[in-house]
Structures are given as structure tokens and as C-alpha cells.
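For reference, work.cif (mmCIF, C-alpha atoms):
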data_entry
loop_
_atom_site.label_atom_id
_atom_site.label_comp_id
_atom_site.auth_asym_id
_atom_site.auth_seq_id
_atom_site.Cartn_x
_atom_site.Cartn_y
_atom_site.Cartn_z
CA MET A 24 6.65 -12.78 -23.77
CA ILE A 25 9.89 -11.76 -22.04
CA ARG A 26 10.50 -13.29 -18.63
CA PRO A 27 10.95 -10.50 -16.04
CA ASP A 28 13.58 -10.70 -13.29
CA ILE A 29 11.45 -9.45 -10.39
CA VAL A 30 7.85 -8.93 -9.35
CA VAL A 31 6.69 -5.68 -7.73
CA PHE A 32 3.38 -5.70 -5.84
CA ASP A 33 1.15 -2.84 -4.83
CA LEU A 34 -0.06 -3.42 -1.27
CA GLY A 35 -3.62 -2.17 -0.73
CA LYS A 36 -6.31 -4.02 -2.69
CA VAL A 37 -3.63 -6.38 -4.04
CA LEU A 38 -2.09 -8.12 -1.02
CA VAL A 39 -4.42 -6.76 1.66
CA ASP A 40 -7.92 -5.37 1.47
CA PHE A 41 -8.81 -2.30 3.54
CA ASP A 42 -11.88 -0.36 4.57
CA TYR A 43 -11.52 3.19 5.91
CA SER A 44 -15.16 3.14 7.02
CA ILE A 45 -14.03 0.91 9.90
CA ALA A 46 -11.70 3.67 11.08
CA GLY A 47 -14.42 6.25 10.49
CA ARG A 48 -16.88 4.44 12.76
CA ARG A 49 -14.35 3.91 15.55
CA ILE A 50 -13.07 7.48 15.52
CA ALA A 51 -16.61 8.88 15.29
CA ALA A 52 -17.63 6.97 18.42
CA ARG A 53 -15.18 9.17 20.34
CA SER A 54 -15.72 12.45 18.48
CA ARG A 55 -18.33 15.08 17.60
CA MET A 56 -18.61 13.97 13.96
CA SER A 57 -20.63 11.16 12.43
CA ALA A 58 -18.85 8.18 10.92
CA SER A 59 -19.57 9.38 7.37
CA GLU A 60 -18.28 12.86 8.19
CA VAL A 61 -15.05 11.44 9.62
CA GLN A 62 -14.52 9.23 6.59
CA ASP A 63 -15.29 12.07 4.17
CA TYR A 64 -12.82 14.31 6.01
CA ILE A 65 -10.03 11.73 5.85
CA ASP A 66 -10.78 10.80 2.23
CA HIS A 67 -11.25 14.27 0.73
CA SER A 68 -9.11 16.71 2.68
CA PRO A 69 -5.41 17.14 1.76
CA LEU A 70 -4.58 15.60 5.14
CA LEU A 71 -4.01 11.99 4.09
CA PHE A 72 -1.96 13.04 1.07
CA ARG A 73 0.30 15.12 3.31
CA TYR A 74 0.69 12.24 5.75
CA GLU A 75 1.37 9.63 3.07
CA THR A 76 4.00 11.80 1.38
CA GLY A 77 5.85 12.39 4.65
CA LEU A 78 4.95 16.08 4.89
CA MET A 79 3.66 15.47 8.41
CA ASP A 80 4.41 12.87 11.05
CA ARG A 81 1.90 10.75 12.97
CA ARG A 82 1.68 13.21 15.87
CA GLN A 83 0.87 16.08 13.52
CA PHE A 84 -1.64 13.92 11.66
CA PHE A 85 -3.29 12.92 14.92
CA GLU A 86 -3.44 16.50 16.20
CA GLU A 87 -5.09 17.73 13.01
CA VAL A 88 -7.66 14.93 13.05
CA ARG A 89 -8.34 15.57 16.73
CA ALA A 90 -8.77 19.33 16.21
CA THR A 91 -11.25 18.81 13.37
CA THR A 92 -13.26 15.86 14.70
CA GLY A 93 -13.07 16.46 18.44
CA PHE A 94 -11.65 12.96 18.98
CA GLU A 95 -11.31 12.39 22.73
CA GLY A 96 -8.92 9.43 22.84
CA SER A 97 -5.14 9.15 23.07
CA ILE A 98 -2.77 8.96 20.13
CA ASP A 99 -2.27 5.24 20.84
CA GLU A 100 -6.02 4.65 20.74
CA PHE A 101 -6.28 6.65 17.53
CA ALA A 102 -3.43 4.65 15.99
CA GLN A 103 -5.27 1.40 16.68
CA PHE A 104 -8.55 2.74 15.29
CA PHE A 105 -6.93 4.20 12.19
CA ALA A 106 -4.63 1.31 11.25
CA ASP A 107 -6.65 -1.80 12.09
CA ILE A 108 -8.60 -1.81 8.82
CA PHE A 109 -6.78 -4.51 6.84
CA THR A 110 -7.55 -8.11 5.91
CA PRO A 111 -5.16 -10.34 3.93
CA ILE A 112 -6.07 -11.44 0.41
CA ASP A 113 -5.12 -15.08 0.76
CA ARG A 114 -4.99 -15.98 -2.94
CA MET A 115 -2.46 -13.22 -3.54
CA LEU A 116 -0.39 -14.19 -0.54
CA ASP A 117 -0.34 -17.74 -1.93
CA LEU A 118 0.88 -16.35 -5.26
CA HIS A 119 3.64 -14.45 -3.50
CA ALA A 120 4.67 -17.57 -1.59
CA ARG A 121 4.90 -19.49 -4.88
CA LEU A 122 7.12 -16.78 -6.38
CA ARG A 123 9.42 -16.89 -3.37
CA ALA A 124 9.59 -20.68 -3.56
CA ALA A 125 10.62 -20.32 -7.21
CA GLY A 126 13.43 -17.95 -6.24
CA VAL A 127 11.90 -14.81 -7.76
CA PRO A 128 12.81 -11.55 -5.94
CA THR A 129 9.71 -9.63 -4.84
CA PHE A 130 9.08 -6.06 -3.70
CA ILE A 131 6.24 -3.96 -2.27
CA PHE A 132 5.52 -0.52 -3.83
CA SER A 133 2.79 1.38 -1.98
CA ASN A 134 1.18 4.72 -1.24
CA THR A 135 0.84 4.40 2.52
CA ASN A 136 1.71 5.77 5.94
CA ASP A 137 3.73 4.68 8.95
CA LEU A 138 0.70 3.81 11.11
CA ALA A 139 -0.57 1.38 8.47
CA ILE A 140 2.86 -0.14 7.90
CA GLU A 141 3.55 -0.53 11.61
CA HIS A 142 0.25 -2.40 11.99
CA ILE A 143 0.82 -4.61 8.92
CA ARG A 144 4.40 -5.38 9.88
CA ARG A 145 3.27 -6.44 13.36
CA ASN A 146 0.23 -8.48 12.34
CA PHE A 147 0.95 -9.94 8.90
CA PRO A 148 4.10 -12.09 8.64
CA PHE A 149 4.09 -11.99 4.83
CA PHE A 150 5.28 -8.37 4.90
CA SER A 151 8.77 -9.33 6.04
CA GLN A 152 9.12 -11.88 3.24
CA PHE A 153 9.80 -9.29 0.50
CA ASP A 154 13.28 -8.22 -0.60
CA ALA A 155 12.50 -4.54 -0.01
CA HIS A 156 9.64 -2.04 0.32
CA VAL A 157 9.23 1.31 -1.45
CA LEU A 158 6.72 3.29 0.63
CA SER A 159 5.46 6.75 -0.29
CA TYR A 160 5.80 8.37 3.13
CA GLU A 161 9.51 7.52 3.23
CA HIS A 162 10.26 9.23 -0.09
CA GLY A 163 8.12 12.40 -0.18
CA SER A 164 6.18 11.28 -3.24
CA MET A 165 3.10 9.25 -4.15
CA LYS A 166 2.14 7.17 -7.15
CA PRO A 167 1.56 8.04 -9.95
CA ASP A 168 4.45 10.54 -9.55
CA ALA A 169 7.29 9.20 -11.72
CA LYS A 170 9.83 10.07 -9.02
CA LEU A 171 8.61 7.17 -6.89
CA TYR A 172 8.96 4.74 -9.80
CA GLU A 173 12.57 5.87 -10.10
CA VAL A 174 13.04 4.88 -6.46
CA VAL A 175 11.77 1.38 -7.33
CA GLU A 176 14.32 1.11 -10.13
CA ARG A 177 17.16 2.26 -7.89
CA THR A 178 16.08 -0.02 -5.05
CA THR A 179 15.69 -3.13 -7.20
CA GLY A 180 18.52 -2.46 -9.64
CA ARG A 181 16.12 -3.30 -12.48
CA LYS A 182 14.46 -1.31 -15.26
CA GLY A 183 12.07 -1.75 -18.16
CA HIS A 184 10.92 -5.26 -19.00
CA GLU A 185 12.99 -6.70 -16.14
CA ILE A 186 10.20 -5.52 -13.79
CA PHE A 187 6.74 -7.07 -13.59
CA TYR A 188 4.31 -4.84 -11.68
CA LEU A 189 0.80 -5.40 -10.29
CA ASP A 190 -1.41 -2.47 -9.25
CA ASP A 191 -5.17 -2.22 -8.83
CA ARG A 192 -5.26 1.44 -9.94
CA ILE A 193 -5.01 1.89 -13.69
CA GLU A 194 -3.34 5.30 -13.47
CA ASN A 195 -0.54 3.80 -11.38
CA ALA A 196 -0.13 0.81 -13.68
CA GLU A 197 0.07 3.07 -16.74
CA VAL A 198 3.09 4.97 -15.40
CA GLY A 199 4.95 1.69 -14.99
CA LEU A 200 3.95 0.68 -18.51
CA ALA A 201 5.24 4.00 -19.86
CA ARG A 202 8.62 3.21 -18.25
CA GLY A 203 8.77 -0.08 -20.13
CA TRP A 204 7.79 -2.25 -17.17
CA GLN A 205 5.66 -5.31 -17.74
CA VAL A 206 2.40 -4.46 -16.02
CA ILE A 207 -0.97 -5.92 -15.11
CA HIS A 208 -3.88 -3.83 -13.94
CA HIS A 209 -4.74 -6.16 -11.08
CA GLN A 210 -8.43 -7.00 -10.85
CA THR A 211 -8.63 -10.61 -9.66
CA PRO A 212 -6.15 -13.06 -8.11
CA GLU A 213 -7.02 -15.55 -10.83
CA ALA A 214 -6.14 -13.20 -13.71
CA SER A 215 -2.90 -12.00 -12.09
CA THR A 216 -1.83 -15.56 -11.27
CA ALA A 217 -2.53 -16.70 -14.83
CA ARG A 218 -0.41 -13.86 -16.24
CA ILE A 219 2.51 -14.68 -13.94
CA GLU A 220 2.23 -18.37 -14.76
CA ALA A 221 2.32 -17.50 -18.48
CA LEU A 222 5.58 -15.61 -17.93
CA GLY A 223 7.16 -18.78 -16.57
CA LEU A 224 7.87 -17.31 -13.13
CA LEU A 225 6.32 -20.08 -11.07
CA GLY A 226 8.31 -23.03 -12.39
CA LYS A 227 6.66 -26.31 -13.23
#
Once you've parsed the file, please lay out its structure as C-alpha cells.
Amino acid sequence: MIRPDIVVFDLGKVLVDFDYSIAGRRIAARSRMSASEVQDYIDHSPLLFRYETGLMDRRQFFEEVRATTGFEGSIDEFAQFFADIFTPIDRMLDLHARLRAAGVPTFIFSNTNDLAIEHIRRNFPFFSQFDAHVLSYEHGSMKPDAKLYEVVERTTGRKGHEIFYLDDRIENAEVGLARGWQVIHHQTPEASTARIEALGLLGK
């Protein structure tokens, strides 16, 4: 095995867990839709894709959700309901801390939006402990679009086997693999930690 230079982490379901049904219930309590209808609308309309690729800003996203659901609250209330859906995955944060202690540069690579990132940045100190973040809404593209992987390579100054990448979605991991990255389809903290230990990234 070739020792990579850097480790690139997906965010959702790798470093933090999330549950959009929490947002669905909170928004539904102030709207004319049921919780399941709100969640289905957010999950299956093009709306979230447009927001997470930067095609609309938070005000436009809020106005479209409000028009469809009848949400009666303010944009600040909506922001809290929509973004406060995350819990840290402690075993993975421990792994990241061990990598940092070993001097390994680390990066976040995520399909996400500015409301989520604002909330995570404010509430989870680990987020600031990465060398850089490549976030879909800032670059007009979402994984598994190869253009966003090119942004990672430009941002990190690394290519091919120099990059080790963890993602919970197989289609996203496969694009990295096709670019020559070292990749793990993340499923458990234990398996990902064992792979990184085997690469010699955590020292002795």
C-alpha cells in the first residue's frame, strides 16, 4: 500500500449524522403540510439540488419553501429548523484528531448548503480544524460531478494516490477511485480507522 499525503473526508454520515425528518416535523408544525409531506418535498423536488449547487441563495430557498408549504415563521426561525439536524459521530472525530496529531493534512469535501455549514461551523469546533473545505454550494457543482473533484485537487495541490478519500455514498467514492485516489466506501468508524491505520497515517 502507498502512503497518501492527505485525507479527505465527506461530511454528512461520515463526520456528522443528520436527519431531515427533524426539519420536516419542525417546519410542518408551522405550515399547512404534514411532516412527511414537507420531508418528501425537500427530498424529491429539485429545490435542494438547486440550493446545494449555489443556483439559489438562502432567501430564495426560504421563499420557495414558504410558498409551497405555507410556513408561517421568519427566515431566521426557518434557518434554525432546517439546519439543526446534525449530531457528531464521535469515533470519526477521534480519528480526525489522531490524524491531526500525526501531522496529516485533512480536508472536508461535501454536498451541502450555507445554512448547514453556518450551523456546523457555529456549533461543532472540529469543523475549523481542517486545512480547507470544498463545499458544493460554493462551486456550482455536486458530487459525483467530476468538476468538484477537480476543485479538491486544485485546493489540496494533490492528485491520484496522494489523496485518501472517505465517502459513505458508493457513487461518490467511485469517482475518486476513477481519478486514482485511494478510497474507502465508508460504512463504519472501525473499518475506516483500520484502513487508515494500515496506511501508516496514525504513527505508532
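In this comparison, which uses all atoms listed in the file, the residue of A:Ser133, A:Ser68, A:Gln205, A:Asn146 approaching Ile108 in chain A most closely is A:Asn146.
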Practice task
Considering only C-alpha atoms, return as a ChimeraX atom specification whatever protein or nucleic-acid residues lie within 9 Å of Gly183 in chain A, sequence-local ones (same chain, fewer than 4 positions apart) excluded.
Solution key: /A:176,187,199-200,202-205
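Across the chains present, the PyMOL selection byres ((chain A and resi 157) around 9) applied to this file returns Phe130, Ile131, Phe132, Ser133, Asn134, Ala155, His156, Leu158, Ser159, Glu161, His162, Leu171, Val174, Val175 and Thr178 of chain A.
Computed from the coordinates, the CA of Tyr188 in chain A to CA of His119 in chain A distance equals 12.6 Å.
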Could you put an axis-aligned box around every listed atom of range 149-161 of chain A, padded by 5 Å on each side, and send me its centre and edge lengths in Å to one decimal, as JSON?
{"center_x": 8.7, "center_y": -1.8, "center_z": 2.3, "size_x": 19.2, "size_y": 30.4, "size_z": 17.5}
Practice task
Quick one: pull the distance between CA of Leu34 in chain A and CA of Ser164 in chain A, Å, one decimal.
Solution key: 16.1 Å
Practice task
Give me the result of the PyMOL selection byres ((chain A and resi 62) around 9) on this file, residue by residue, as a list in words.
Solution key: Tyr43, Ser44, Ile45, Ala46, Gly47, Arg48, Ala51, Ser57, Ala58, Ser59, Glu60, Val61, Asp63, Tyr64, Ile65, Asp66 and His67 of chain A
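Here CA of Ile193 in chain A is placed at a distance of 20.7 Å from CA of Thr129 in chain A.
Residue membership of the PyMOL selection byres ((chain A and resi 189) around 6) in the shown file amounts to Phe32, Tyr188, Asp190, Ile207 and His209 of chain A.
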Mind writing the picked residues with C-alpha atoms as a tab-separated table (two decimals), in the frame of the given file?
chain	number	residue	atom	x	y	z
A	32	PHE	CA	3.38	-5.70	-5.84
A	188	TYR	CA	4.31	-4.84	-11.68
A	190	ASP	CA	-1.41	-2.47	-9.25
A	207	ILE	CA	-0.97	-5.92	-15.11
A	209	HIS	CA	-4.74	-6.16	-11.08
Practice task
Select, counting all atoms listed in the file, all protein, DNA and RNA residues no farther than 9 Å from (-7.2, -9.8, 6.7) in file coordinates, and express the selection as a count of residues only.
Solution key: 10
Completion exercise
Counting only C-alpha atoms, the residue among A:Ile186, A:Ala169, A:Val30, A:Met115 that lies closest to Phe149 in chain A is A:Met115
Problem - Residues near range 91-96 of chain A, cut-off 7 Å, all atoms listed in the file, skip fewer than 3 positions along chain, as a PyMOL selection string - result: chain A and resi 50+53-56+61+87-88+100-101
Fill in the blank from the handout: Of A:Glu197, A:Asp33, A:Asp42, A:Asp154, the one sitting nearest Gly126 in chain A when using all atoms listed in the file is A:Asp154
Practice task
Kindly indicate which residue among A:His142, A:Ala196, A:Arg89, A:Ile25 lies nearest to His184 in chain A, using only C-alpha atoms for the distances.
Solution key: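 Among the listed residues, the smallest separation from His184 in chain A belongs to A:Ile25.
All polymer residues at most 8 Å from (1.2, 8.0, -10.1), using all atoms listed in the file, appear as Met165, Lys166, Pro167, Asp168, Ala169, Glu194, Asn195 and Val198 of chain A.
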Exercise for the section: Excluding Ala120 in chain A and any residue of its chain fewer than 4 positions from it, enumerate the residues within 12 Å of it, using only C-alpha atoms, and give them as a list in words. Expected result: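 Answer for this query is Leu38, Asp113, Arg114, Met115, Leu116, Ala124, Ala125, Gly126, Val127, Pro128, Thr129, Pro148, Phe149, Phe150, Ser151, Gln152, Phe153, Thr216, Leu224 and Leu225 of chain A.
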